[in-house]
Amino acid sequence: MSTFSRPDVSPADPISLGFDPDRLQRISACFQIEVDEGRIPGAVLIVARSGEIVLQQACGFRDREAGVAMRENDVFRIASMTKPITIVAALMLAEQGNIFLPDAVAAYLPEFEHVKVGIEDAVTGELRLVDPAQPMTVQDLMRHTSGLTYGLFGKSRVKTMYNESGVFSLLNTNEQMTTKLAKLPLAYHPATTFDYSMSTDVLGRIVEVISGQTLGEFFQEKILGPLGMMDTGFCLPHAKDRVAQPQLDPVTGMRPPMADPLLVMPWESGGAGLSSTAGDYLRFAQMLLNGGEFDGKRYLAPSTVQLMASDHLPPGVAFDPATLPLFGGEAPMPAMGQGFGLGVAIRTHQGINPLPGSVGNYYWGGALGTYFWVDPKEQIVAIMMTQAPANRLRYRYLIQQLVYQALVS
């Protein structure tokens with residue numbers, strides 16, 4: 001049993017778990033400096049090893065402008081940290097024989113049967129529609145090689161069509177979103193290019209079709225409720241006094257735009273829609289580190305977690321040039337000593353990558369400032385929650401460097 005499954009248990013002795021206490025305190029001290037210098041409003045940080053919490057710290061402000069201090073159980077919009085949870089939902093259905101990763105997406109969502117690929121002439125800008133060289137598969141959705149894209153990063157005729165189509169509207173249901181999306185051309189032939197995209201949102205719709213439930217209902221019944229993640233969901237009205245807020249942009253005088261976790265919206269985005277707490281997400285990440293089990297309940301088989309945390313990018317895969325700057329030193333590409341599994345990036349080589357970590361690390365983050373990773377070799381789970389979108393890469397780098405410099409045995 002993991003000790004952090006019981007809220008009354010204090011952090012473990014860091015020395016017994018291989019951490020230098022003085023070095024561990026650098027984590028809190030460095031993040032407090034970031035708060036004091038006005039770069040972030042606040043943060044909640046958790047580091048656990050072998051199922052024992054060695055650091056759990058809230059620093060700064062839940063709402064800087066209101067002068068409200070951050071607390072450990074405050075709620076954050078986790079954006080793309082929703083994606084691994086959607087992946088787990090789909091893998092649970094796969095373990096039941098209801099989804100097959102090699103299947104064409106159209107086998108589950110017939111609206112994608114006749115999807116085309118948009119080929120843009122580099123000189124004239126003319127868009128030519130052609131049949132995909134091969135079908136988009138469920139595996140392609142899970143590893144972002146589906147040919148789908150986001151319209152938000154880079155410019156092309158296809159991305160412009162995405163932005164004008166209404167697929168990103170919070171007023172869509174998942175069914176309405178995929179109906180609109182299937183009418184748009186793909187940006188690439190499936191299985192040829194890694195392009196961070198709407199893929200996981202489409203996967204969420206498959207979960208709905210197969211389960212007969214909304215994505216939120218499936219999450220609650222099969223994952224969030226059983227894991228005890230009571231402060232995670234698409235809408236959290238009970239957390240109205242605990243929602244962490246971004247601080248004012250000094251240039252615009254405005255807060256960065258973020259969805260309101262207290263409002264019910266039709267779109268339950270499998271790619272970016274959840275809000276959560278650091279403690280809740282620790283339970284999910286620890287379940288993965290445990291090989292699919294948490295507190296005596298099994299969610300996935302160990303072999304399924306291993307499949308999820310293995311590199312799935314095809315040899316010679318290309319990378320959308322507009323996507324890579326989003327990830328900086330964590331780009332999931334061979335040149336960075338990394339790959340991409342099912343919903344998570346993977347460390348594939350020792351060296352090459354400029355950040356500390358172990359081969360086999362897997363991780364993901366949210367565009368609004370949240371981040372997690374799992375290190376199976378060192379049995380570490382780390383969670384960072386903040387709402388500072390402009391500086392998110394800085395804090396991903398910072399938390400990794402600080403955790404590993406504190407690990408001495």
# chains A, B, ... in the order shown; residues from 1 in each chain; ligands from 1
$ residues_around --residues "range 15-22 of chain A" --least-positions-apart "6" --cutoff "12 Å" --atoms "only C-alpha atoms" --output "list in words"
Ser28, Ala29, Val47, Ala48, Arg49, Ser50, Gly51, Glu52, Ile53, Val54, Leu55, Glu378, Gln379, Ile380, Leu402, Val403, Tyr404, Gln405, Ala406, Leu407, Val408 and Ser409 of chain A
$ select_by_dssp --residues "range 210-246 of chain A" --states "alpha helix (DSSP H)" --output "number ranges by chain"
A: 210-211, 215-218, 225-227
$ atom_distance --atom1 "CA of Arg255 in chain A" --atom2 "CA of Ile85 in chain A"
27.7 Å
$ select_by_dssp --residues "range 184-336 of chain A" --states "strand (DSSP E)" --output "PyMOL selection string"
chain A and resi 193-194+275-276+293-294+297-298+318-319
$ residues_around --residues "range 337-340 of chain A" --least-positions-apart "5" --cutoff "9 Å" --atoms "only C-alpha atoms" --output "ChimeraX atom specification"
/A:143-144,309-313,330-332,345-353,362
$ residues_around --residues "Gly279 in chain A" --least-positions-apart "2" --cutoff "12 Å" --atoms "only C-alpha atoms" --output "PDB file with N, CA and C atoms, in the first residue's frame"
ATOM      1  N   PHE A   4       1.004   7.453   0.703  1.00  0.00           N
ATOM      2  CA  PHE A   4       0.291   8.676   0.390  1.00  0.00           C
ATOM      3  C   PHE A   4      -1.167   8.426   0.052  1.00  0.00           C
ATOM      4  N   SER A   5      -1.605   7.176   0.108  1.00  0.00           N
ATOM      5  CA  SER A   5      -3.038   6.905  -0.031  1.00  0.00           C
ATOM      6  C   SER A   5      -3.796   7.296   1.229  1.00  0.00           C
ATOM      7  N   ARG A   6      -3.043   7.589   2.314  1.00  0.00           N
ATOM      8  CA  ARG A   6      -3.669   8.007   3.562  1.00  0.00           C
ATOM      9  C   ARG A   6      -3.295   9.460   3.830  1.00  0.00           C
ATOM     10  N   PRO A   7      -4.252  10.373   3.849  1.00  0.00           N
ATOM     11  CA  PRO A   7      -3.941  11.796   3.923  1.00  0.00           C
ATOM     12  C   PRO A   7      -3.307  12.243   5.224  1.00  0.00           C
ATOM     13  N   VAL A  44       2.409  23.941  -6.556  1.00  0.00           N
ATOM     14  CA  VAL A  44       2.365  22.800  -5.645  1.00  0.00           C
ATOM     15  C   VAL A  44       3.275  21.732  -6.238  1.00  0.00           C
ATOM     16  N   LEU A  45       4.172  21.210  -5.417  1.00  0.00           N
ATOM     17  CA  LEU A  45       5.193  20.268  -5.861  1.00  0.00           C
ATOM     18  C   LEU A  45       5.136  19.015  -5.011  1.00  0.00           C
ATOM     19  N   ILE A  46       5.231  17.852  -5.663  1.00  0.00           N
ATOM     20  CA  ILE A  46       5.292  16.577  -4.937  1.00  0.00           C
ATOM     21  C   ILE A  46       6.379  15.717  -5.570  1.00  0.00           C
ATOM     22  N   VAL A  47       7.209  15.128  -4.713  1.00  0.00           N
ATOM     23  CA  VAL A  47       8.182  14.127  -5.142  1.00  0.00           C
ATOM     24  C   VAL A  47       7.979  12.889  -4.274  1.00  0.00           C
ATOM     25  N   ALA A  48       7.858  11.733  -4.918  1.00  0.00           N
ATOM     26  CA  ALA A  48       7.696  10.472  -4.188  1.00  0.00           C
ATOM     27  C   ALA A  48       8.682   9.450  -4.733  1.00  0.00           C
ATOM     28  N   ILE A  53       6.106   9.689  -0.108  1.00  0.00           N
ATOM     29  CA  ILE A  53       6.323  11.096  -0.406  1.00  0.00           C
ATOM     30  C   ILE A  53       7.541  11.611   0.361  1.00  0.00           C
ATOM     31  N   LEU A  55       8.737  14.920  -0.571  1.00  0.00           N
ATOM     32  CA  LEU A  55       8.525  16.359  -0.562  1.00  0.00           C
ATOM     33  C   LEU A  55       7.121  16.663  -1.040  1.00  0.00           C
ATOM     34  N   GLN A  56       6.393  17.456  -0.295  1.00  0.00           N
ATOM     35  CA  GLN A  56       5.081  17.957  -0.689  1.00  0.00           C
ATOM     36  C   GLN A  56       4.998  19.402  -0.220  1.00  0.00           C
ATOM     37  N   GLN A  57       4.937  20.322  -1.182  1.00  0.00           N
ATOM     38  CA  GLN A  57       5.103  21.724  -0.833  1.00  0.00           C
ATOM     39  C   GLN A  57       4.182  22.609  -1.668  1.00  0.00           C
ATOM     40  N   ALA A  58       3.483  23.516  -1.007  1.00  0.00           N
ATOM     41  CA  ALA A  58       2.760  24.586  -1.688  1.00  0.00           C
ATOM     42  C   ALA A  58       3.505  25.878  -1.430  1.00  0.00           C
ATOM     43  N   ARG A  71      -2.439  26.412  -1.437  1.00  0.00           N
ATOM     44  CA  ARG A  71      -2.525  25.268  -0.533  1.00  0.00           C
ATOM     45  C   ARG A  71      -2.283  23.990  -1.327  1.00  0.00           C
ATOM     46  N   GLU A  72      -1.906  22.935  -0.618  1.00  0.00           N
ATOM     47  CA  GLU A  72      -1.524  21.694  -1.280  1.00  0.00           C
ATOM     48  C   GLU A  72      -2.676  21.050  -2.043  1.00  0.00           C
ATOM     49  N   ASN A  73      -3.915  21.312  -1.645  1.00  0.00           N
ATOM     50  CA  ASN A  73      -5.048  20.671  -2.321  1.00  0.00           C
ATOM     51  C   ASN A  73      -5.751  21.605  -3.308  1.00  0.00           C
ATOM     52  N   ASP A  74      -5.071  22.660  -3.738  1.00  0.00           N
ATOM     53  CA  ASP A  74      -5.687  23.553  -4.714  1.00  0.00           C
ATOM     54  C   ASP A  74      -5.755  22.900  -6.090  1.00  0.00           C
ATOM     55  N   VAL A  75      -6.713  23.370  -6.886  1.00  0.00           N
ATOM     56  CA  VAL A  75      -7.070  22.749  -8.161  1.00  0.00           C
ATOM     57  C   VAL A  75      -6.439  23.523  -9.311  1.00  0.00           C
ATOM     58  N   PHE A  76      -5.894  22.777 -10.285  1.00  0.00           N
ATOM     59  CA  PHE A  76      -5.240  23.356 -11.456  1.00  0.00           C
ATOM     60  C   PHE A  76      -5.859  22.798 -12.735  1.00  0.00           C
ATOM     61  N   LEU A 227      -9.592   5.378  -8.039  1.00  0.00           N
ATOM     62  CA  LEU A 227      -8.282   5.831  -7.576  1.00  0.00           C
ATOM     63  C   LEU A 227      -8.379   6.833  -6.426  1.00  0.00           C
ATOM     64  N   GLY A 228      -9.585   7.278  -6.118  1.00  0.00           N
ATOM     65  CA  GLY A 228      -9.743   8.277  -5.072  1.00  0.00           C
ATOM     66  C   GLY A 228      -9.371   9.674  -5.516  1.00  0.00           C
ATOM     67  N   MET A 229      -9.454   9.925  -6.818  1.00  0.00           N
ATOM     68  CA  MET A 229      -9.127  11.248  -7.366  1.00  0.00           C
ATOM     69  C   MET A 229     -10.388  12.116  -7.324  1.00  0.00           C
ATOM     70  N   MET A 230     -10.768  12.517  -6.123  1.00  0.00           N
ATOM     71  CA  MET A 230     -12.046  13.196  -5.910  1.00  0.00           C
ATOM     72  C   MET A 230     -12.054  14.641  -6.388  1.00  0.00           C
ATOM     73  N   ASP A 231     -10.858  15.187  -6.626  1.00  0.00           N
ATOM     74  CA  ASP A 231     -10.764  16.571  -7.079  1.00  0.00           C
ATOM     75  C   ASP A 231     -10.292  16.648  -8.525  1.00  0.00           C
ATOM     76  N   THR A 232     -10.638  15.645  -9.320  1.00  0.00           N
ATOM     77  CA  THR A 232     -10.284  15.621 -10.736  1.00  0.00           C
ATOM     78  C   THR A 232     -11.546  15.436 -11.553  1.00  0.00           C
ATOM     79  N   SER A 276      -7.346  19.181 -11.902  1.00  0.00           N
ATOM     80  CA  SER A 276      -6.951  18.195 -10.898  1.00  0.00           C
ATOM     81  C   SER A 276      -6.087  18.868  -9.831  1.00  0.00           C
ATOM     82  N   THR A 277      -5.709  18.097  -8.837  1.00  0.00           N
ATOM     83  CA  THR A 277      -4.761  18.529  -7.820  1.00  0.00           C
ATOM     84  C   THR A 277      -3.476  17.721  -7.948  1.00  0.00           C
ATOM     85  N   TYR A 281      -3.247  13.655  -8.972  1.00  0.00           N
ATOM     86  CA  TYR A 281      -2.481  13.159 -10.123  1.00  0.00           C
ATOM     87  C   TYR A 281      -1.351  12.240  -9.673  1.00  0.00           C
ATOM     88  N   LEU A 282      -0.854  12.439  -8.457  1.00  0.00           N
ATOM     89  CA  LEU A 282       0.141  11.521  -7.915  1.00  0.00           C
ATOM     90  C   LEU A 282      -0.406  10.101  -7.852  1.00  0.00           C
ATOM     91  N   ARG A 283      -1.662   9.949  -7.488  1.00  0.00           N
ATOM     92  CA  ARG A 283      -2.265   8.608  -7.424  1.00  0.00           C
ATOM     93  C   ARG A 283      -2.271   7.950  -8.805  1.00  0.00           C
ATOM     94  N   PHE A 284      -2.647   8.741  -9.813  1.00  0.00           N
ATOM     95  CA  PHE A 284      -2.675   8.208 -11.177  1.00  0.00           C
ATOM     96  C   PHE A 284      -1.269   7.808 -11.622  1.00  0.00           C
ATOM     97  N   ALA A 285      -0.289   8.687 -11.406  1.00  0.00           N
ATOM     98  CA  ALA A 285       1.068   8.401 -11.840  1.00  0.00           C
ATOM     99  C   ALA A 285       1.673   7.226 -11.074  1.00  0.00           C
ATOM    100  N   GLN A 286       1.370   7.129  -9.775  1.00  0.00           N
ATOM    101  CA  GLN A 286       1.874   6.004  -8.990  1.00  0.00           C
ATOM    102  C   GLN A 286       1.262   4.693  -9.472  1.00  0.00           C
ATOM    103  N   PHE A 372       4.338  16.219 -15.126  1.00  0.00           N
ATOM    104  CA  PHE A 372       4.640  15.053 -14.292  1.00  0.00           C
ATOM    105  C   PHE A 372       5.624  14.163 -15.013  1.00  0.00           C
ATOM    106  N   VAL A 381       8.201   9.339  -8.748  1.00  0.00           N
ATOM    107  CA  VAL A 381       7.121  10.081  -9.380  1.00  0.00           C
ATOM    108  C   VAL A 381       7.253  11.526  -8.916  1.00  0.00           C
ATOM    109  N   ALA A 382       7.148  12.464  -9.851  1.00  0.00           N
ATOM    110  CA  ALA A 382       7.195  13.879  -9.494  1.00  0.00           C
ATOM    111  C   ALA A 382       6.055  14.606 -10.190  1.00  0.00           C
ATOM    112  N   ILE A 383       5.448  15.519  -9.467  1.00  0.00           N
ATOM    113  CA  ILE A 383       4.320  16.309  -9.963  1.00  0.00           C
ATOM    114  C   ILE A 383       4.618  17.777  -9.729  1.00  0.00           C
ATOM    115  N   MET A 384       4.410  18.605 -10.744  1.00  0.00           N
ATOM    116  CA  MET A 384       4.515  20.046 -10.593  1.00  0.00           C
ATOM    117  C   MET A 384       3.242  20.680 -11.118  1.00  0.00           C
ATOM    118  N   MET A 385       2.593  21.468 -10.281  1.00  0.00           N
ATOM    119  CA  MET A 385       1.376  22.167 -10.670  1.00  0.00           C
ATOM    120  C   MET A 385       1.572  23.670 -10.508  1.00  0.00           C
TER     121      MET A 385
END
$ residues_around --residues "range 145-162 of chain A" --least-positions-apart "4" --cutoff "9 Å" --atoms "only C-alpha atoms" --output "PyMOL selection string"
chain A and resi 117-120+125-127+135-141+166-168+181+184-199+313+317+321-323+326
$ residues_around --residues "Asn98 in chain A" --least-positions-apart "4" --cutoff "8 Å" --atoms "only C-alpha atoms" --output "MDAnalysis selection string"
chainID A and resid 93:94 210
$ write_last_selection --atoms "C-alpha atoms" --output "compact mmCIF listing (two decimals), in the first residue's frame"
# COMPACT_ATOMS: atom_id res chain seq x y z
CA LEU A 93 -11.21 -1.09 -23.21
CA ALA A 94 -8.47 -2.73 -25.29
CA ILE A 210 -17.43 1.76 -27.19
$ atom_distance --atom1 "CA of Gly225 in chain A" --atom2 "CA of Pro376 in chain A"
25.0 Å
$ residues_around --residues "Ser269 in chain A" --least-positions-apart "4" --cutoff "12 Å" --atoms "only C-alpha atoms" --output "PyMOL selection string"
chain A and resi 78-83+85-86+167-178+198-205+207-208+214-216+219+233-235+259+265+273-275
$ atom_distance --atom1 "CA of Tyr371 in chain A" --atom2 "CA of Lys297 in chain A"
25.2 Å
